[in-house]
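Participant: So that we are looking at the same thing, I have put the structure below in structure tokens.
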Protein chains: 4
Amino acid sequence: MSESGPGLSGGGLFGGGLFGGLFGRGGAAVDDHAWLQAMLDTEAALARALERAGLVSAGAGAAVSALAVAGRFDANEIGRQATLTGNPVPALVRELSAAVPPEARDAVHRGATSQDIIDTAAMLLARRGIQAIEADLAVAAGRAAALAQEHEATVMAGRTLLQQAVPVTFGLIAAGWLVAIDDAMAGLARVAADRLAVQFGGAAGTLASLGEAGPAVAVLLAEELGLQAPVLPWHTDRGRIVELAAALAGVGAALGKVARDVTLLAQTEIGEVSEGGPGGGTRRVGPPGEHRRGGSSAMPHKRNPVASVLVLGCTKRVPGLLATLAAASEQELQRAAGAWHAEWETLSDLLRLTGSAAAWSADLLGGLTVDAARMRANLDAAGGWPLSEHVAAVLAPAIGRLAAHDLIAAAAHSAEAGTSLTDALLADPLAARALAAAGIGRTQLEAAVDPAGYLGASAEFVRSALAAHRQRKGDQISER
Amino acid sequence: MSESGPGLSGGGLFGGGLFGGLFGRGGAAVDDHAWLQAMLDTEAALARALERAGLVSAGAGAAVSALAVAGRFDANEIGRQATLTGNPVPALVRELSAAVPPEARDAVHRGATSQDIIDTAAMLLARRGIQAIEADLAVAAGRAAALAQEHEATVMAGRTLLQQAVPVTFGLIAAGWLVAIDDAMAGLARVAADRLAVQFGGAAGTLASLGEAGPAVAVLLAEELGLQAPVLPWHTDRGRIVELAAALAGVGAALGKVARDVTLLAQTEIGEVSEGGPGGGTRRVGPPGEHRRGGSSAMPHKRNPVASVLVLGCTKRVPGLLATLAAASEQELQRAAGAWHAEWETLSDLLRLTGSAAAWSADLLGGLTVDAARMRANLDAAGGWPLSEHVAAVLAPAIGRLAAHDLIAAAAHSAEAGTSLTDALLADPLAARALAAAGIGRTQLEAAVDPAGYLGASAEFVRSALAAHRQRKGDQISER
Amino acid sequence: MSESGPGLSGGGLFGGGLFGGLFGRGGAAVDDHAWLQAMLDTEAALARALERAGLVSAGAGAAVSALAVAGRFDANEIGRQATLTGNPVPALVRELSAAVPPEARDAVHRGATSQDIIDTAAMLLARRGIQAIEADLAVAAGRAAALAQEHEATVMAGRTLLQQAVPVTFGLIAAGWLVAIDDAMAGLARVAADRLAVQFGGAAGTLASLGEAGPAVAVLLAEELGLQAPVLPWHTDRGRIVELAAALAGVGAALGKVARDVTLLAQTEIGEVSEGGPGGGTRRVGPPGEHRRGGSSAMPHKRNPVASVLVLGCTKRVPGLLATLAAASEQELQRAAGAWHAEWETLSDLLRLTGSAAAWSADLLGGLTVDAARMRANLDAAGGWPLSEHVAAVLAPAIGRLAAHDLIAAAAHSAEAGTSLTDALLADPLAARALAAAGIGRTQLEAAVDPAGYLGASAEFVRSALAAHRQRKGDQISER
Amino acid sequence: MSESGPGLSGGGLFGGGLFGGLFGRGGAAVDDHAWLQAMLDTEAALARALERAGLVSAGAGAAVSALAVAGRFDANEIGRQATLTGNPVPALVRELSAAVPPEARDAVHRGATSQDIIDTAAMLLARRGIQAIEADLAVAAGRAAALAQEHEATVMAGRTLLQQAVPVTFGLIAAGWLVAIDDAMAGLARVAADRLAVQFGGAAGTLASLGEAGPAVAVLLAEELGLQAPVLPWHTDRGRIVELAAALAGVGAALGKVARDVTLLAQTEIGEVSEGGPGGGTRRVGPPGEHRRGGSSAMPHKRNPVASVLVLGCTKRVPGLLATLAAASEQELQRAAGAWHAEWETLSDLLRLTGSAAAWSADLLGGLTVDAARMRANLDAAGGWPLSEHVAAVLAPAIGRLAAHDLIAAAAHSAEAGTSLTDALLADPLAARALAAAGIGRTQLEAAVDPAGYLGASAEFVRSALAAHRQRKGDQISER
């Protein structure tokens, strides 16, 4: 597999460390370097904004920007000093100030407070993360669309409460995944467009230290960073954070469902899909003889649905992180004592895990192998029972809908295991009499239990989903 | 019951039972009757849609609609039978079918499965709840706007990490509340317009029992109910539920912050606001001699900020409910085994509690008393220290920004308690020398610590928030 | 109402209303009446304690106790007045005071504050709820023990990541359920014994209004109610609530796992267990012709695992409620502004849902049908592959453990679907050569893939779990 | 790095990186190295257990143990390979196997599956974390005890719903903190003693690959590691994890409350406590001229309660993590597809954050400065109103308890701001008449509003808490 090559989505990037490949794939992961750079980008943009507003000398913006490079700073040392003030900004500002030429020093952090820098940096990290997630989701959606199209007519058992129900098509299932992913992308796009805003308010949200010039600088800062300029500083109005977190949770919701479905359909006894087709799990890492995706340390035959499992390993953590951010929205007066601090790592984790789920999902859907024959076989093995609704509908004109329902329910209850629906009905004296009276024989029953004849709007739904998907993609392109 | 006259917002409505007045105020509370009616409304609309589609006999829609009245059904009995199937719909359908004339019976529940009815009913309850919440939020926002305008120039201490910081105005605080509430309303409006959709898919999402007609009936059903028609049935795609929950959590975030601020500003030692001005807590319920809002069973002098406390009592429960709904989005194949069931009461609670928080907030802001003199007195008692940033700025041109910062920090550290900033600086040998060298004397220092001279963009921000509020209200009106 | 005759566990009790039968089964449900009675029990016990302490006149305790009957009070009216003070106690106290004879009036609420009454009432409700849950868990554990014993040698596929793994026995699975339920019961018992304590501190935790007598009255109150007497009033120390909630979450964890396993094993394609054997789902409610447990409104053949689904519908809500209570533990000074209020309904819901999960679990395990033949058939259908670990172990002495692992993994990878492990190895040139060299032929391979020969400690583990269960039950009896 | 000398608690240790000093203080932080070492410790102990059981050659245990050193392994490389199998164990085992001498190779991972290693490693990390947390909590509790003793008679305002209530002592508040911390420590100790158990079950929990010897090896493994030997393998019974998480949440609950109280009492307008006494915030880091703990980047005068804020920044994240772990307890059959994976980082975070909160709390309480004079002044400024309960009690014998309550409530309502309770009552015609009739004059009223005369059981409660604390410490010592 290619961890890196050009043209690949973020899905090809692996985070470092023991767990980074599992829970930190994709480009949304946020580490110290990313935080440092985002804070420095904010300070640099502020310096340029101040210069454009005429508040600092010409060239100060460029001077600060040139030095606002994360690699120049020692995260450990800044972190150590952060214990004095409760956040890393004061130390970063001291070091940045010390580095810039004296004539530009006045442009460093002017008008700002620590929260301005951290909150705006968080917005930059969110934007970067959303872009990475969108790239992986686009891959995933594209593959879901292809599966929906390819399997528009692939009949399989529907399953409700994990019991076989009336038939569906695999195309319809894939179309459902597609719509969910597309909706999640719409949620991300909306937050990215409307709610990622500069935070710039100074010590208590008045920008007092900039005198009259504050709001103008805020607008210029937003311009420099390509973020929204908010109506007001939002230091203790955390609606934006909650909306951002919710949009990420929307992604988690869509992807967790896909992965849950795959783990269920991939069960040994069902075996209708498997991970690891071309481009997916079979691609080896390293020389032959090394493990294959999905292998087990104890059981050499196993081919585990690793990508789905890891998607779920990421998405199952989203609700708790979302709750933390929602609870942290109760922030006191002009700066919260703790609730704000609780957001930083939580938001980082949420971006990272959602991003990793998206990267794994792109991989999962990219490599999903569908076994249409097994789908059909599983359905056939059910002896027509999943079509009981259809049979009831065939009986209904003669004996009424509820009576038909109850007749079949009774036959189901008394039938021996393994008996088909047709046989059970014909063997049941009460049912046989009703069927005879209605002129319904084995032929009609066999027709009624043919799944291909009872797919309803499956194909139409698949086409609607694909049309909506194309529409959305078209809209995105025309918006650019 | 209604605490007050006609024309009042839902804020005047109290839920029943021991805790209903506290946690179930406003019109968003969802009880068995509301659920029954919403399910029946769905069944009735389906009957009408089927009739319009020509699938059932003329008049069937009206016949079912006439009987689809919650009061005709026994929730306890339906609930008892629900234990057999795991949800109340089958029993409700049996009873409804039995009640309608035989010729209309075919229009009852045709094409539908239990989940269609419950999910669509939930959407109706959500719409109703959102409307009620919006009404109360509109009152709250209106009052926040009035406070912002009235107190545009009311100076008070800013407080960060609960310590006095540079001054702000109370108008700016109220403007922050206003923007947060307006944003939360925008979130509700978006979900109401875009994401409340009919669920109609039949047994496994194919609408097979309606043959070719399924999608058309779905569209008619959506028309009948005034809900969106989705691209696909969304039975196990719970993005809508997550978005709805998130929008409600956005309301909770906005209101929890307001209430937290009020409890803090109302503290005995701060006393800058209190609940219970005209229209608020002082209005009595019942005859004189009964308790007054905010009284204590043990301490007769107390005037507790009851409304704020109850807002927080509601909003603090939102994150956990949101997490439950987000986690429940991982739903299996064509119907979830448990995750779907976990949504019903959770969503009801979320609507109820958000609604109650909104109702109490309308009351809270409607009755908030602001003590501008106390605000000023608290600020003055701080001896100019909250203006240290301004003093540093005054010193900066002479000695540099960081040196000025450190000078004051040192003076703050060594000053006796109660010494003013001006006195402390003039008494500190190092500072005194720096001041003298810079030609800054007591007069300039006194000017620098005047809070009215250091409000920055407070007034401009207030005006921006009010303009945005008016714009939003205008947009809403023109949309109607 | 009771579905069945006397002698049944709480599992037979159904809560009222539309959803009460689903989510409010068992005896742990908490409604307004239960809250009222628990508050009144606290007031009555306080009156008796005051009398025993000699602080009020003789007979006052009995006089108050005689009137402390929930049925005498109107929850709606008390709830209405609760909106004035933020809790229902002041209104309840007024009404109770008005009802008692003048000479006993001084014994009503003396020394207490509202929080004392609500918190102590919550402890009483928790005790009652725990007892009900324990009764249902005892039934569930007893049945799990019986299943473990009965199926000690019933071979089935183990399944990891939902893929077939080495074989296990159904007895071992049931033993795992048993141990988890027993551990959850131990957690409940510990909280019930050690952490359910009277809260009695008066207005701010000093019991000042009782002068010197406060602590003695607190001890007497604890005696009267059979609750612990705490070292200190715990009004804003919510560790007890968190521990109680955690113990309930422990129950949810144990039962959710059981129900998840049953839904998976009951899948149509697996079919190894089903709900509704004798004593379970087949018992009818109402006349013949009505629905049967597990029926579907749309699909007459279905026999859904309703009890498992409803267990999950309850347990999936537990983590969110637990989080709310944990977050609410951050309570301010001598009474919290909102966090305390957020606990009341949350704790009620947690007791109710845990209780309902326990009641449904008792039912579920009581009616579980095990299909040992299907278990064996599913395992046999896997062609020996789940035993690959064993075959690797057989090969290991000859070729080394890792080489054996890799050899089988390669054979698994290249084998055609449907080929048995034995055949695949013999057909693979590399493997065949290794086998030949090691002197391992078809006979040894067939022996290695016999699941009955590779059950390890399954039987011993079952016996250990049963012994531990008997020990625990014995301990409980001897403690009484 | 260590801020201070040897002998200090973990409170002196700072985690690395940008945020490690804030959210990763103390010794409970879990990084890749710690995970690797814990997994290697498990593998090494297994090798020794196998040797003791006679299953591998003599010396194999020592040979494996000698190489089981985290520093020998590359976490990034193992993490990269973990993406193939979904967890890092297979790659670690390959590398470890390759490193050990051939004759010891058979002792590596024999009988185990990946989950055995990760779960047992998690238990080791939990034990290590608990020990570190206990050490910091012991410091915190010791300081709380000292404060309780020192301030047994330090009178201050009680505050309920953030309004002044009857007086308390600061000693009583500190005693409340002490009891909560002691209870949290008891919870940790219980989990450490009873619930940290080896997980060892092999591929599906049967230990089949060890034949008869499995259970014996499990017991030896537990002995080697000093962990409990469980009744059964607990691979998909996650009660232990939930209990561990709950015990950590109990710590968070206790510490969050302390920190919330300190932020409130440290407010500028209240000023009764401040952080940074000797041993606390005033200790400088680095050369003079650098920032001081609690400084602000914008406002040089500020002295923020940094330790409290950071405690809250940690504890506010606990409920969400707890919810994630509780939700993850629903694990499928013999190994969960995702829920297990979701635990790893979550548990690491929970240990880290709880540990950091404990470390900061030790620091916070160690450096807390108490301003008894300000406490008294704040109380006196309230004009006797907080004593209204006492005055009511003085009036009660003459006019009845409720009438006394209402009389004072009315006087409170009509009194001008700033009027004392005594003056208000004497000025109120109704009250004055009642007082005169009862023979109660200014002198008696003045006595009734003396807070020192209305402290109830405060001192006794403090002594009880200290006695319980000494008892607990004594018990701990005698247990060793």
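Residues in the structure tokens are numbered from 1 in each chain, the chains being A, B, ... in the order shown, and ligands are numbered from 1 in the order shown.
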To test your reading of the structure, identify every residue in region 145-277 of chain C that backbone DSSP assigns to helix (DSSP H, G or I), and report it as number ranges by chain.
Facilitator: C: 145-150, 170-194, 208-225, 239-265
Participant: Pull out every residue of chain A sitting within 7 Å of chain C, counting only C-alpha atoms, and send them as a list in words.
Facilitator: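 Residues satisfying the distance criterion: Leu161, Leu162, Gln163, Gln164, Thr263, Gln267, Thr268, Glu269, Ile270, Ala298, Met299, Pro300, His301, Asn304, Trp385, Ser388, Glu389, His405, Asp406, Ile408, Ala409 and Ala412 of chain A.
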Participant: Can you list, as a PyMOL selection string, every residue of region 233-370 of chain B that DSSP puts in strand (DSSP E)?
Facilitator: chain B and resi 273-274+369-370
Participant: At a cut-off of 9 Å, using only C-alpha atoms, what residues contact Val217 (chain D)? Leave out same-chain residues fewer than 6 positions from it and give the result as a list in words.
Facilitator: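 Listed by chain and then number, they are Leu46, Ala49, Leu50, Arg52, Ala53, Phe200 and Leu210 of chain D.
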Participant: Using N, CA, C and O atoms, can you write the selected residues to a file as a JSON list (two decimals), in the first residue's frame?
Facilitator:
[["chain", "number", "residue", "atom", "x", "y", "z"],
["D", 46, "LEU", "N", 4.50, -13.48, 31.45],
["D", 46, "LEU", "CA", 3.93, -14.71, 30.87],
["D", 46, "LEU", "C", 5.04, -15.74, 30.63],
["D", 46, "LEU", "O", 4.86, -16.94, 30.94],
["D", 49, "ALA", "N", 5.88, -17.21, 33.88],
["D", 49, "ALA", "CA", 4.79, -18.09, 34.35],
["D", 49, "ALA", "C", 4.83, -19.41, 33.60],
["D", 49, "ALA", "O", 4.64, -20.48, 34.19],
["D", 50, "LEU", "N", 5.05, -19.34, 32.30],
["D", 50, "LEU", "CA", 5.13, -20.57, 31.51],
["D", 50, "LEU", "C", 6.29, -21.43, 31.99],
["D", 50, "LEU", "O", 6.18, -22.66, 32.09],
["D", 52, "ARG", "N", 7.59, -21.43, 35.04],
["D", 52, "ARG", "CA", 7.23, -22.00, 36.34],
["D", 52, "ARG", "C", 6.24, -23.15, 36.18],
["D", 52, "ARG", "O", 6.22, -24.08, 36.98],
["D", 53, "ALA", "N", 5.41, -23.05, 35.15],
["D", 53, "ALA", "CA", 4.45, -24.14, 34.91],
["D", 53, "ALA", "C", 5.09, -25.31, 34.17],
["D", 53, "ALA", "O", 4.42, -26.31, 33.89],
["D", 200, "PHE", "N", -6.27, -13.16, 30.71],
["D", 200, "PHE", "CA", -5.50, -14.19, 30.02],
["D", 200, "PHE", "C", -6.47, -15.29, 29.61],
["D", 200, "PHE", "O", -6.95, -16.06, 30.44],
["D", 210, "LEU", "N", -3.12, -23.93, 25.52],
["D", 210, "LEU", "CA", -2.30, -24.44, 26.63],
["D", 210, "LEU", "C", -2.83, -25.76, 27.18],
["D", 210, "LEU", "O", -2.34, -26.25, 28.20]]
Participant: What gap, in Å, lies between CA of Asp349 (chain B) and CA of Leu125 (chain B)?
Facilitator: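 Separating CA of Asp349 (chain B) from CA of Leu125 (chain B) is a distance of 11.6 Å.
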Participant: Which residues are close to Leu310 (chain D), i.e. within 8 Å by only C-alpha atoms, leaving aside same-chain residues fewer than 4 positions away? Reply as a PyMOL selection string.
Facilitator: (chain A and resi 86+338+341) or (chain D and resi 22-23+306+314+357+360)
Participant: One decimal, Å: what's the distance from CA of Ala122 (chain D) over to CA of Leu325 (chain D), could you say?
Facilitator: 13.3 Å
Participant: Fewer than 4 positions away in the same chain doesn't count, so skip those; otherwise give me all residues within 8 Å of region 168-183 of chain B, counting only C-alpha atoms, as an mmCIF file with N, CA, C and O atoms, in the first residue's frame.
Facilitator:
data_model
loop_
_atom_site.group_PDB
_atom_site.id
_atom_site.type_symbol
_atom_site.label_atom_id
_atom_site.label_comp_id
_atom_site.auth_asym_id
_atom_site.auth_seq_id
_atom_site.Cartn_x
_atom_site.Cartn_y
_atom_site.Cartn_z
ATOM 1 N N ALA A 204 -10.836 41.562 27.716
ATOM 2 C CA ALA A 204 -12.184 41.222 28.176
ATOM 3 C C ALA A 204 -13.229 41.381 27.077
ATOM 4 O O ALA A 204 -14.410 41.525 27.351
ATOM 5 N N GLY A 205 -12.787 41.394 25.844
ATOM 6 C CA GLY A 205 -13.746 41.427 24.753
ATOM 7 C C GLY A 205 -14.084 42.801 24.230
ATOM 8 O O GLY A 205 -14.985 42.938 23.388
ATOM 9 N N THR A 206 -13.362 43.813 24.688
ATOM 10 C CA THR A 206 -13.651 45.181 24.236
ATOM 11 C C THR A 206 -12.612 45.711 23.260
ATOM 12 O O THR A 206 -12.795 46.785 22.703
ATOM 13 N N VAL A 231 -19.819 38.988 14.478
ATOM 14 C CA VAL A 231 -20.487 40.206 14.955
ATOM 15 C C VAL A 231 -19.813 40.714 16.215
ATOM 16 O O VAL A 231 -19.542 41.906 16.352
ATOM 17 N N LEU A 232 -19.550 39.794 17.110
ATOM 18 C CA LEU A 232 -18.918 40.134 18.383
ATOM 19 C C LEU A 232 -17.785 39.150 18.646
ATOM 20 O O LEU A 232 -17.837 38.027 18.169
ATOM 21 N N TRP A 234 -16.278 36.198 20.525
ATOM 22 C CA TRP A 234 -17.093 35.077 21.013
ATOM 23 C C TRP A 234 -16.392 34.294 22.111
ATOM 24 O O TRP A 234 -16.677 33.112 22.328
ATOM 25 N N ASP A 237 -18.910 32.778 24.248
ATOM 26 C CA ASP A 237 -20.084 32.306 23.503
ATOM 27 C C ASP A 237 -19.595 31.145 22.647
ATOM 28 O O ASP A 237 -19.054 31.341 21.567
ATOM 29 N N GLY A 239 -21.066 28.702 21.064
ATOM 30 C CA GLY A 239 -21.933 28.090 20.065
ATOM 31 C C GLY A 239 -21.154 27.558 18.870
ATOM 32 O O GLY A 239 -21.463 26.484 18.340
ATOM 33 N N LEU A 333 -18.773 34.652 32.409
ATOM 34 C CA LEU A 333 -18.480 36.060 32.164
ATOM 35 C C LEU A 333 -17.491 36.276 31.016
ATOM 36 O O LEU A 333 -17.788 35.885 29.896
ATOM 37 N N LEU B 137 -37.453 31.908 22.988
ATOM 38 C CA LEU B 137 -36.156 32.523 22.683
ATOM 39 C C LEU B 137 -36.338 33.920 22.103
ATOM 40 O O LEU B 137 -35.517 34.817 22.357
ATOM 41 N N ALA B 140 -36.742 36.126 24.958
ATOM 42 C CA ALA B 140 -35.456 36.290 25.641
ATOM 43 C C ALA B 140 -34.523 37.190 24.844
ATOM 44 O O ALA B 140 -33.864 38.082 25.404
ATOM 45 N N ALA B 141 -34.477 36.967 23.542
ATOM 46 C CA ALA B 141 -33.597 37.781 22.704
ATOM 47 C C ALA B 141 -34.062 39.238 22.713
ATOM 48 O O ALA B 141 -33.243 40.171 22.784
ATOM 49 N N ALA B 144 -32.885 40.699 25.870
ATOM 50 C CA ALA B 144 -31.429 40.895 25.856
ATOM 51 C C ALA B 144 -31.085 42.118 25.015
ATOM 52 O O ALA B 144 -30.210 42.915 25.376
ATOM 53 N N ALA B 145 -31.790 42.280 23.899
ATOM 54 C CA ALA B 145 -31.546 43.444 23.044
ATOM 55 C C ALA B 145 -31.857 44.736 23.793
ATOM 56 O O ALA B 145 -31.105 45.716 23.729
ATOM 57 N N LEU B 147 -31.817 45.199 27.003
ATOM 58 C CA LEU B 147 -30.774 45.418 28.018
ATOM 59 C C LEU B 147 -29.494 45.937 27.384
ATOM 60 O O LEU B 147 -28.815 46.810 27.946
ATOM 61 N N ALA B 148 -29.158 45.396 26.231
ATOM 62 C CA ALA B 148 -27.937 45.840 25.555
ATOM 63 C C ALA B 148 -28.028 47.322 25.210
ATOM 64 O O ALA B 148 -27.086 48.097 25.426
ATOM 65 N N GLN B 149 -29.174 47.694 24.686
ATOM 66 C CA GLN B 149 -29.366 49.089 24.285
ATOM 67 C C GLN B 149 -29.347 50.021 25.502
ATOM 68 O O GLN B 149 -28.640 51.019 25.530
ATOM 69 N N GLU B 150 -30.114 49.614 26.496
ATOM 70 C CA GLU B 150 -30.258 50.439 27.692
ATOM 71 C C GLU B 150 -28.924 50.629 28.422
ATOM 72 O O GLU B 150 -28.669 51.684 28.993
ATOM 73 N N HIS B 151 -28.107 49.579 28.386
ATOM 74 C CA HIS B 151 -26.878 49.617 29.175
ATOM 75 C C HIS B 151 -25.630 49.709 28.310
ATOM 76 O O HIS B 151 -24.571 49.256 28.698
ATOM 77 N N GLU B 152 -25.787 50.308 27.167
ATOM 78 C CA GLU B 152 -24.643 50.457 26.268
ATOM 79 C C GLU B 152 -23.477 51.155 26.965
ATOM 80 O O GLU B 152 -22.319 50.879 26.688
ATOM 81 N N ALA B 153 -23.795 52.056 27.869
ATOM 82 C CA ALA B 153 -22.734 52.829 28.521
ATOM 83 C C ALA B 153 -22.610 52.526 30.006
ATOM 84 O O ALA B 153 -21.948 53.259 30.735
ATOM 85 N N THR B 154 -23.244 51.441 30.460
ATOM 86 C CA THR B 154 -23.159 51.104 31.886
ATOM 87 C C THR B 154 -21.861 50.358 32.156
ATOM 88 O O THR B 154 -21.711 49.188 31.809
ATOM 89 N N VAL B 155 -20.944 51.055 32.780
ATOM 90 C CA VAL B 155 -19.607 50.496 32.986
ATOM 91 C C VAL B 155 -19.611 49.505 34.140
ATOM 92 O O VAL B 155 -20.259 49.729 35.158
ATOM 93 N N MET B 156 -18.889 48.438 33.962
ATOM 94 C CA MET B 156 -18.740 47.446 35.032
ATOM 95 C C MET B 156 -17.406 46.741 34.844
ATOM 96 O O MET B 156 -16.746 46.897 33.812
ATOM 97 N N ALA B 157 -17.049 45.963 35.844
ATOM 98 C CA ALA B 157 -15.806 45.208 35.741
ATOM 99 C C ALA B 157 -15.967 44.056 34.768
ATOM 100 O O ALA B 157 -16.969 43.338 34.831
ATOM 101 N N GLY B 158 -15.010 43.910 33.866
ATOM 102 C CA GLY B 158 -14.909 42.645 33.180
ATOM 103 C C GLY B 158 -14.333 41.639 34.157
ATOM 104 O O GLY B 158 -13.635 42.014 35.106
ATOM 105 N N GLY B 187 -29.804 28.155 14.316
ATOM 106 C CA GLY B 187 -29.584 26.718 14.248
ATOM 107 C C GLY B 187 -30.894 25.943 14.265
ATOM 108 O O GLY B 187 -31.089 25.002 13.479
ATOM 109 N N VAL B 251 -28.994 25.654 21.757
ATOM 110 C CA VAL B 251 -29.851 26.484 22.619
ATOM 111 C C VAL B 251 -29.397 26.359 24.070
ATOM 112 O O VAL B 251 -29.250 27.361 24.789
ATOM 113 N N ALA B 254 -26.285 28.410 24.724
ATOM 114 C CA ALA B 254 -26.515 29.855 24.828
ATOM 115 C C ALA B 254 -27.161 30.217 26.166
ATOM 116 O O ALA B 254 -26.746 31.159 26.841
ATOM 117 N N LEU B 255 -28.155 29.424 26.554
ATOM 118 C CA LEU B 255 -28.918 29.783 27.753
ATOM 119 C C LEU B 255 -28.170 29.450 29.035
ATOM 120 O O LEU B 255 -28.290 30.172 30.034
ATOM 121 N N LYS B 257 -25.049 29.688 29.486
ATOM 122 C CA LYS B 257 -24.072 30.765 29.698
ATOM 123 C C LYS B 257 -24.747 32.002 30.302
ATOM 124 O O LYS B 257 -24.228 32.613 31.241
ATOM 125 N N VAL B 258 -25.897 32.362 29.797
ATOM 126 C CA VAL B 258 -26.637 33.500 30.363
ATOM 127 C C VAL B 258 -26.920 33.253 31.847
ATOM 128 O O VAL B 258 -26.659 34.106 32.709
ATOM 129 N N LEU B 455 -12.992 51.657 27.320
ATOM 130 C CA LEU B 455 -14.043 50.702 26.969
ATOM 131 C C LEU B 455 -13.900 50.185 25.554
ATOM 132 O O LEU B 455 -14.688 49.345 25.101
ATOM 133 N N SER B 458 -16.651 48.664 22.975
ATOM 134 C CA SER B 458 -17.869 48.158 23.614
ATOM 135 C C SER B 458 -19.133 48.692 22.953
ATOM 136 O O SER B 458 -20.040 47.936 22.593
ATOM 137 N N ALA B 459 -19.201 49.992 22.801
ATOM 138 C CA ALA B 459 -20.425 50.581 22.260
ATOM 139 C C ALA B 459 -20.640 50.153 20.809
ATOM 140 O O ALA B 459 -21.760 49.820 20.403
ATOM 141 N N PHE B 461 -19.603 47.437 19.428
ATOM 142 C CA PHE B 461 -20.015 46.039 19.427
ATOM 143 C C PHE B 461 -21.501 45.899 19.775
ATOM 144 O O PHE B 461 -22.217 45.098 19.182
ATOM 145 N N VAL B 462 -21.933 46.659 20.743
ATOM 146 C CA VAL B 462 -23.350 46.602 21.104
ATOM 147 C C VAL B 462 -24.210 46.970 19.900
ATOM 148 O O VAL B 462 -25.190 46.283 19.578
ATOM 149 N N ALA B 465 -24.320 44.201 17.343
ATOM 150 C CA ALA B 465 -25.172 43.082 17.751
ATOM 151 C C ALA B 465 -26.637 43.430 17.556
ATOM 152 O O ALA B 465 -27.439 42.606 17.087
ATOM 153 N N LEU B 466 -26.987 44.671 17.891
ATOM 154 C CA LEU B 466 -28.386 45.081 17.726
ATOM 155 C C LEU B 466 -28.759 45.135 16.251
ATOM 156 O O LEU B 466 -29.866 44.742 15.865
ATOM 157 N N HIS B 469 -29.282 41.695 15.037
ATOM 158 C CA HIS B 469 -30.542 41.176 15.576
ATOM 159 C C HIS B 469 -31.730 41.700 14.768
ATOM 160 O O HIS B 469 -32.629 40.954 14.394
ATOM 161 N N ARG B 472 -31.820 40.013 11.452
ATOM 162 C CA ARG B 472 -32.334 38.640 11.534
ATOM 163 C C ARG B 472 -33.855 38.639 11.668
ATOM 164 O O ARG B 472 -34.539 37.869 11.007
#
Participant: For Gly355 (chain A), work out the shell of residues within 10 Å, counting only C-alpha atoms and skipping chain neighbours fewer than 2 positions away, then give it as a PyMOL selection string.
Facilitator: chain A and resi 10-11+23-29+129-137+248+251-252+311+314-315+349-353+357-361
Participant: Could you list, as a list in words, every residue within 8 Å of Tyr454 (chain C), counting only C-alpha atoms and ignoring same-chain residues fewer than 2 positions away?
Facilitator: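 What passes the distance filter is Val166, Pro167, Leu387, His390, Ala448, Asp450, Pro451, Ala452 and Gly456 of chain C; Ala208, Ser209 and Gly211 of chain D.
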